[in-house]
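Peer 1: My questions all concern the structure below.
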Amino acid sequence: MALLQTQGLRKRFGALAAVDGVDFRVEPQEFLSLIGSNGAGKTTLVNLISGLLPPDEGRILFQERDITHLPVQSRIRAGIARSFQLVNLFDQLSALDNVRLAIFVREGTIRRGLALADRDRAVQEEAFRVLRDFGLEGKWRTPAADLAQGERKLLDVAVAYALRPTLIFLDEPTSGVGTREKGAIMDIVAGVVRELGLAAVIVEHDMDIVFRYSDRIVVMHQGRILADGAPEAIRTDPRVAETLLGHA
Amino acid sequence: MNEVQPTLAPPAPTARRPAAAWALVPLALLLLLLPLLEGAPLVGVLASPFQRIQLTYGLIFGIAALGFNLLLGYTGLLSFGHSAFFGGAAYTVGFLVRYLGVTTMELWLAASVAATVLLAAVFGLVTVRYTRIFFSILMLALSQVLWALALKFFWITNGTDGLRIPTPGLLGGLVRTEDKLAFLATTYYYYVLLIFVAAVGLLWVLTHSPFGYALQAIRDNEVRARFVGIPVRRYRYLAFVVSGGVTGLAGALWAPLNGLVTPDILYWPFSGRIVFMAVLGGFKSFAGPIVGGVAYNYLETYVIKTTQYWQGLLGVILVALVLVMPQGIIGALGWVRRRAREAA
């Protein structure tokens, strides 16, 4: 049984069909890469599934439940979380508070207005463990705005991860950081994802990273799925080489 | 990445308590003993009945600005119409006196807060759908509707002549004082001080609660807040209602102190004053609006005495403030302290 499945998903922006009848699936616990040239529709697909955009046509099934029209909040509760290509953090809050927020939401205690957040030691300790998993424990009190770009990328993923999703979308988790740092970030992210048995979908342009970490690769081109298979099959697929790797 | 790091224990929340907390002890003592210090050296200047009444105004403005800042500083919404809540509460007191003959302070407070919470609940249905300048303008417009109503329905509101507010009975009428000056300078001073402490405590807890952090998350990044699962609009609405209620509480306390409620209190310049207070004190810190409320009251009292163009002078001060100390008084104090520490 697939964890997530889309059926004939379609989204148009004016005349452009950004996502054009996509049947996409994610299996439990797999590490899947979504690749394709700029404008292939990768981020739009992620936006449709995570609920940032409504689709024009098609259905989205998560654990066999139709979530096509659910609001973002309900999708998160169902177990879908995401990070962002351009880092989206709570800039004036500390790294610890960024993570704590996600935990408060997950536990349903976010609505408490008359209890001090600091008094909840269990949440505090869990937030600290999450920061440690991502190698950010030394920066726990630093406002997110003051973190280095690589650290911000990691914190973005950490916030999504703290929601304890079953499926996590990572939109270009290493964009905007140096080549050396990319490997370090991906080691941390992939380690955490595998350790917890999450399914992860990463949108990525760096082919070294894609081939090194993925269980499966889905290639998009002009809003459609061009190829779908194991890294070795994709590497040798002539269509992929022509449309994508040829330009890389 | 899973190496054991035994040296790193989770931080103790107590370790984060700022040193500034200790500065509150002498301040609290001063406020508590102020009426006894008349004629004492140094602080005696602040202890005269006139000065105590000035301070009472300041504390009330502090509450109003604190309520306002739940929106600006914590939720990221700049209201240009908080006169609606302050004035709405003051008029509620006026109506209770004029039409129901109620002169009990607690009834005034309960009715005013209920009325402003209701008013905010209605305004909020429209306003929190918008953010930034659209929210500000909408609040300005809605508050000016109330002002126009107070002005035009003069057979109800007594128009620009306003409504007289007598000296109330406190604690359900148990405490009544005939001498108005003695009442305001001592009894009422303590009464306001008590409510001030309660309101500050309530807002301190609220802003440091999970809900308070959710508001700050919404302020910092609305999209991400949604994708962490925070119901953004509902939380904005709740913050808006609480903010209106707290500013309303201040308006109810202000009415008997001023003794007269006129449409001025609903007019947009008063909303501007509340904004001024928060900016003056520093809207990025919790204590900023309190300091700003007290400081603004002194500023206005003494600037009015110097020139008939006092509004122009206040404007110049505001511009200078934004340019020189954008973080307000609290921000400037922090800067001075850091410099002193570096020099030492």
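Letters for chains follow the order of the structure tokens (A, B, ...), residue numbers begin at 1 for each chain, and ligand numbers begin at 1 in the order shown.
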Which residues are close to Pro54 (chain A), i.e. within 12 Å by only C-alpha atoms, leaving aside same-chain residues fewer than 6 positions away? Reply as a ChimeraX atom specification.

Peer 2: /A:9-13,19,44-48,60,67-72

Peer 1: Write down, as a list in words, each residue of chain B that has any atom within 8 Å of an atom of chain A, counting only C-alpha atoms.

Peer 2: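 Matching residues, ligands excluded from the count: Met1, Asn2, Pro10, Pro13, Leu202, Val205, Leu206, Thr207, His208, Ser209, Pro210, Phe211, Gly212, Tyr213, Ala214, Gln216, Ala217, Asp220, Asn221, Val223, Arg224, Arg226, Phe227, Val228, Gly229, Ile230 and Pro231 of chain B.
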
Peer 1: Show me, as number ranges by chain, the residues that have an atom within 12 Å of Ser37 (chain A) when counting only C-alpha atoms, minus same-chain residues fewer than 2 positions from it.

Peer 2: A: 34-35, 39-43, 203-207, 219-224, 226, 240-248

Peer 1: Can you pull out every residue within 12 Å of Tyr190 (chain B), counting only C-alpha atoms, but drop anything in the same chain fewer than 2 positions away, and send it as a VMD selection string?

Peer 2: chain B and resid 31 to 35 52 to 53 55 to 56 59 170 182 to 188 192 to 197

Peer 1: Between B:Leu266, B:Ala332, B:Val246, B:Leu174, which residue has the minimum interatomic distance to Leu142 (chain B), considering only C-alpha atoms?

Peer 2: B:Leu266

Peer 1: Enumerate, in order of chain and increasing residue number, the residues of region 247-326 of chain B with an atom no farther than 7 Å from region 68-91 of chain B, each with its shortest atom pair and distance in Å to one decimal, counting only C-alpha atoms, as a Markdown table.

Peer 2:
```
| residue | atom | partner | partner_atom | distance |
| --- | --- | --- | --- | --- |
| B:Thr247 | CA | B:Phe86 | CA | 5.5 |
| B:Gly248 | CA | B:Phe86 | CA | 4.7 |
| B:Ala250 | CA | B:Phe86 | CA | 6.5 |
| B:Gly251 | CA | B:Phe86 | CA | 4.2 |
| B:Ala252 | CA | B:Ala90 | CA | 5.0 |
| B:Ala255 | CA | B:Ala90 | CA | 5.2 |
| B:Val261 | CA | B:Ala90 | CA | 6.5 |
| B:Ile265 | CA | B:Gly87 | CA | 5.0 |
| B:Leu266 | CA | B:Gly87 | CA | 4.9 |
| B:Tyr267 | CA | B:Ser83 | CA | 6.6 |
| B:Trp268 | CA | B:Gly81 | CA | 6.6 |
| B:Phe270 | CA | B:Ser83 | CA | 5.7 |
| B:Ser271 | CA | B:Ser83 | CA | 4.7 |
| B:Gly272 | CA | B:Phe80 | CA | 6.6 |
| B:Ala278 | CA | B:Asn69 | CA | 6.7 |
| B:Phe283 | CA | B:Gly73 | CA | 5.3 |
| B:Lys284 | CA | B:Gly73 | CA | 5.5 |
| B:Pro289 | CA | B:Asn69 | CA | 7.0 |
```

Peer 1: Run DSSP on the backbone and grab whatever in region 11-236 of chain A lands in strand (DSSP E or B); send it over as a PyMOL selection string.

Peer 2: chain A and resi 11-13+16-22+25-26+31-35+57-62+65-66+80-82+94+143+167-171+199-203+216-221+224-229

Peer 1: Can you tell me, as a VMD selection string, which residues in region 21-151 of chain A count as helix (DSSP H, G or I) by DSSP?

Peer 2: chain A and resid 42 to 50 72 to 78 95 to 107 117 to 119 121 to 133 137 to 139 144 to 146 149 to 151

Peer 1: Using only C-alpha atoms, determine which residues lie at most 7 Å from Gly244 (chain B), disregarding the query and same-chain residues fewer than 6 positions distant; provide the list as a PDB file with N, CA and C atoms, in the first residue's frame.

Peer 2:
```pdb
ATOM      1  N   GLY B  67      -1.874  46.340  26.253  1.00  0.00           N
ATOM      2  CA  GLY B  67      -2.918  45.638  25.494  1.00  0.00           C
ATOM      3  C   GLY B  67      -2.729  45.846  24.010  1.00  0.00           C
ATOM      4  N   PHE B  85     -11.431  51.065  21.764  1.00  0.00           N
ATOM      5  CA  PHE B  85     -11.577  50.237  22.963  1.00  0.00           C
ATOM      6  C   PHE B  85     -11.431  51.074  24.230  1.00  0.00           C
ATOM      7  N   THR B 116     -16.117  46.023  25.716  1.00  0.00           N
ATOM      8  CA  THR B 116     -15.014  46.143  24.753  1.00  0.00           C
ATOM      9  C   THR B 116     -14.631  44.789  24.163  1.00  0.00           C
ATOM     10  N   VAL B 117     -14.766  43.739  24.971  1.00  0.00           N
ATOM     11  CA  VAL B 117     -14.503  42.409  24.427  1.00  0.00           C
ATOM     12  C   VAL B 117     -15.519  42.118  23.319  1.00  0.00           C
ATOM     13  N   ALA B 120     -14.627  44.218  20.321  1.00  0.00           N
ATOM     14  CA  ALA B 120     -13.478  43.642  19.615  1.00  0.00           C
ATOM     15  C   ALA B 120     -13.887  42.366  18.886  1.00  0.00           C
TER      16      ALA B 120
END
```

Peer 1: Distance CA of Gly293 (chain B)-CA of Thr131 (chain B), one decimal place?

Peer 2: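 Interatomic distance here is 24.9 Å.
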
Peer 1: Excluding Tyr237 (chain B) and any residue of its chain fewer than 3 positions from it, enumerate the residues within 8 Å of it, using only C-alpha atoms, and give them as a list in words.

Peer 2: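 Answer for this query is Ala121, Gly124, Leu125, Val128, Arg233, Arg234, Phe240 and Val241 of chain B.
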
Peer 1: Pick out the closest residue to Glu195 (chain A) from this set: A:Glu64, A:Asp237, A:Glu30, A:Asp56. Count only C-alpha atoms.

Peer 2: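 Result for the nearest residue to Glu195 (chain A): A:Glu30.
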
Peer 1: Identify, on the basis of only C-alpha atoms, every residue whose closest approach to region 324-331 of chain B does not exceed 10 Å; exclude the query and any residue fewer than 5 positions from it along the same chain; express the result as a PDB file with N, CA and C atoms, in the first residue's frame.

Peer 2:
```
ATOM      1  N   MET B 277       3.036  55.723  22.642  1.00  0.00           N
ATOM      2  CA  MET B 277       3.487  55.153  23.925  1.00  0.00           C
ATOM      3  C   MET B 277       4.293  53.877  23.701  1.00  0.00           C
ATOM      4  N   ALA B 278       3.758  52.992  22.858  1.00  0.00           N
ATOM      5  CA  ALA B 278       4.431  51.705  22.636  1.00  0.00           C
ATOM      6  C   ALA B 278       5.788  51.917  21.963  1.00  0.00           C
ATOM      7  N   VAL B 279       5.825  52.839  21.005  1.00  0.00           N
ATOM      8  CA  VAL B 279       7.081  53.093  20.298  1.00  0.00           C
ATOM      9  C   VAL B 279       8.077  53.791  21.218  1.00  0.00           C
ATOM     10  N   LEU B 280       7.568  54.729  22.021  1.00  0.00           N
ATOM     11  CA  LEU B 280       8.430  55.459  22.953  1.00  0.00           C
ATOM     12  C   LEU B 280       9.120  54.503  23.921  1.00  0.00           C
ATOM     13  N   GLY B 281       8.363  53.596  24.487  1.00  0.00           N
ATOM     14  CA  GLY B 281       8.942  52.660  25.450  1.00  0.00           C
ATOM     15  C   GLY B 281       9.731  51.552  24.776  1.00  0.00           C
ATOM     16  N   GLY B 282       9.291  51.162  23.590  1.00  0.00           N
ATOM     17  CA  GLY B 282       9.941  50.072  22.864  1.00  0.00           C
ATOM     18  C   GLY B 282       8.980  48.906  22.703  1.00  0.00           C
ATOM     19  N   PHE B 283       8.436  48.757  21.491  1.00  0.00           N
ATOM     20  CA  PHE B 283       7.397  47.738  21.306  1.00  0.00           C
ATOM     21  C   PHE B 283       7.967  46.336  21.162  1.00  0.00           C
ATOM     22  N   LYS B 284       9.294  46.240  21.098  1.00  0.00           N
ATOM     23  CA  LYS B 284       9.872  44.903  20.956  1.00  0.00           C
ATOM     24  C   LYS B 284      10.165  44.237  22.288  1.00  0.00           C
ATOM     25  N   SER B 285       9.923  44.939  23.373  1.00  0.00           N
ATOM     26  CA  SER B 285      10.124  44.302  24.670  1.00  0.00           C
ATOM     27  C   SER B 285       8.802  44.297  25.415  1.00  0.00           C
ATOM     28  N   PHE B 286       8.693  43.393  26.370  1.00  0.00           N
ATOM     29  CA  PHE B 286       7.438  43.309  27.111  1.00  0.00           C
ATOM     30  C   PHE B 286       7.174  44.582  27.903  1.00  0.00           C
ATOM     31  N   ALA B 287       8.212  45.085  28.582  1.00  0.00           N
ATOM     32  CA  ALA B 287       8.031  46.213  29.488  1.00  0.00           C
ATOM     33  C   ALA B 287       7.949  47.551  28.754  1.00  0.00           C
ATOM     34  N   GLY B 288       8.376  47.573  27.485  1.00  0.00           N
ATOM     35  CA  GLY B 288       8.428  48.823  26.741  1.00  0.00           C
ATOM     36  C   GLY B 288       7.159  49.663  26.814  1.00  0.00           C
ATOM     37  N   PRO B 289       6.001  49.089  26.481  1.00  0.00           N
ATOM     38  CA  PRO B 289       4.769  49.885  26.484  1.00  0.00           C
ATOM     39  C   PRO B 289       4.413  50.438  27.858  1.00  0.00           C
ATOM     40  N   VAL B 291       6.635  51.332  30.272  1.00  0.00           N
ATOM     41  CA  VAL B 291       7.542  52.471  30.432  1.00  0.00           C
ATOM     42  C   VAL B 291       7.066  53.614  29.534  1.00  0.00           C
ATOM     43  N   GLY B 292       6.673  53.261  28.310  1.00  0.00           N
ATOM     44  CA  GLY B 292       6.219  54.258  27.349  1.00  0.00           C
ATOM     45  C   GLY B 292       4.960  54.971  27.816  1.00  0.00           C
ATOM     46  N   ALA B 295       5.984  57.284  30.669  1.00  0.00           N
ATOM     47  CA  ALA B 295       6.837  58.368  30.168  1.00  0.00           C
ATOM     48  C   ALA B 295       6.041  59.330  29.288  1.00  0.00           C
ATOM     49  N   LEU B 318       8.773  62.446  18.387  1.00  0.00           N
ATOM     50  CA  LEU B 318       8.492  61.104  17.841  1.00  0.00           C
ATOM     51  C   LEU B 318       9.419  60.778  16.675  1.00  0.00           C
ATOM     52  N   VAL B 319       9.606  61.771  15.792  1.00  0.00           N
ATOM     53  CA  VAL B 319      10.486  61.553  14.641  1.00  0.00           C
ATOM     54  C   VAL B 319      11.911  61.277  15.115  1.00  0.00           C
ATOM     55  N   VAL B 336      22.868  51.169  26.563  1.00  0.00           N
ATOM     56  CA  VAL B 336      23.729  51.818  27.553  1.00  0.00           C
ATOM     57  C   VAL B 336      24.370  50.773  28.457  1.00  0.00           C
ATOM     58  N   ARG B 337      23.570  49.765  28.856  1.00  0.00           N
ATOM     59  CA  ARG B 337      24.090  48.744  29.756  1.00  0.00           C
ATOM     60  C   ARG B 337      25.181  47.913  29.086  1.00  0.00           C
TER      61      ARG B 337
END
```
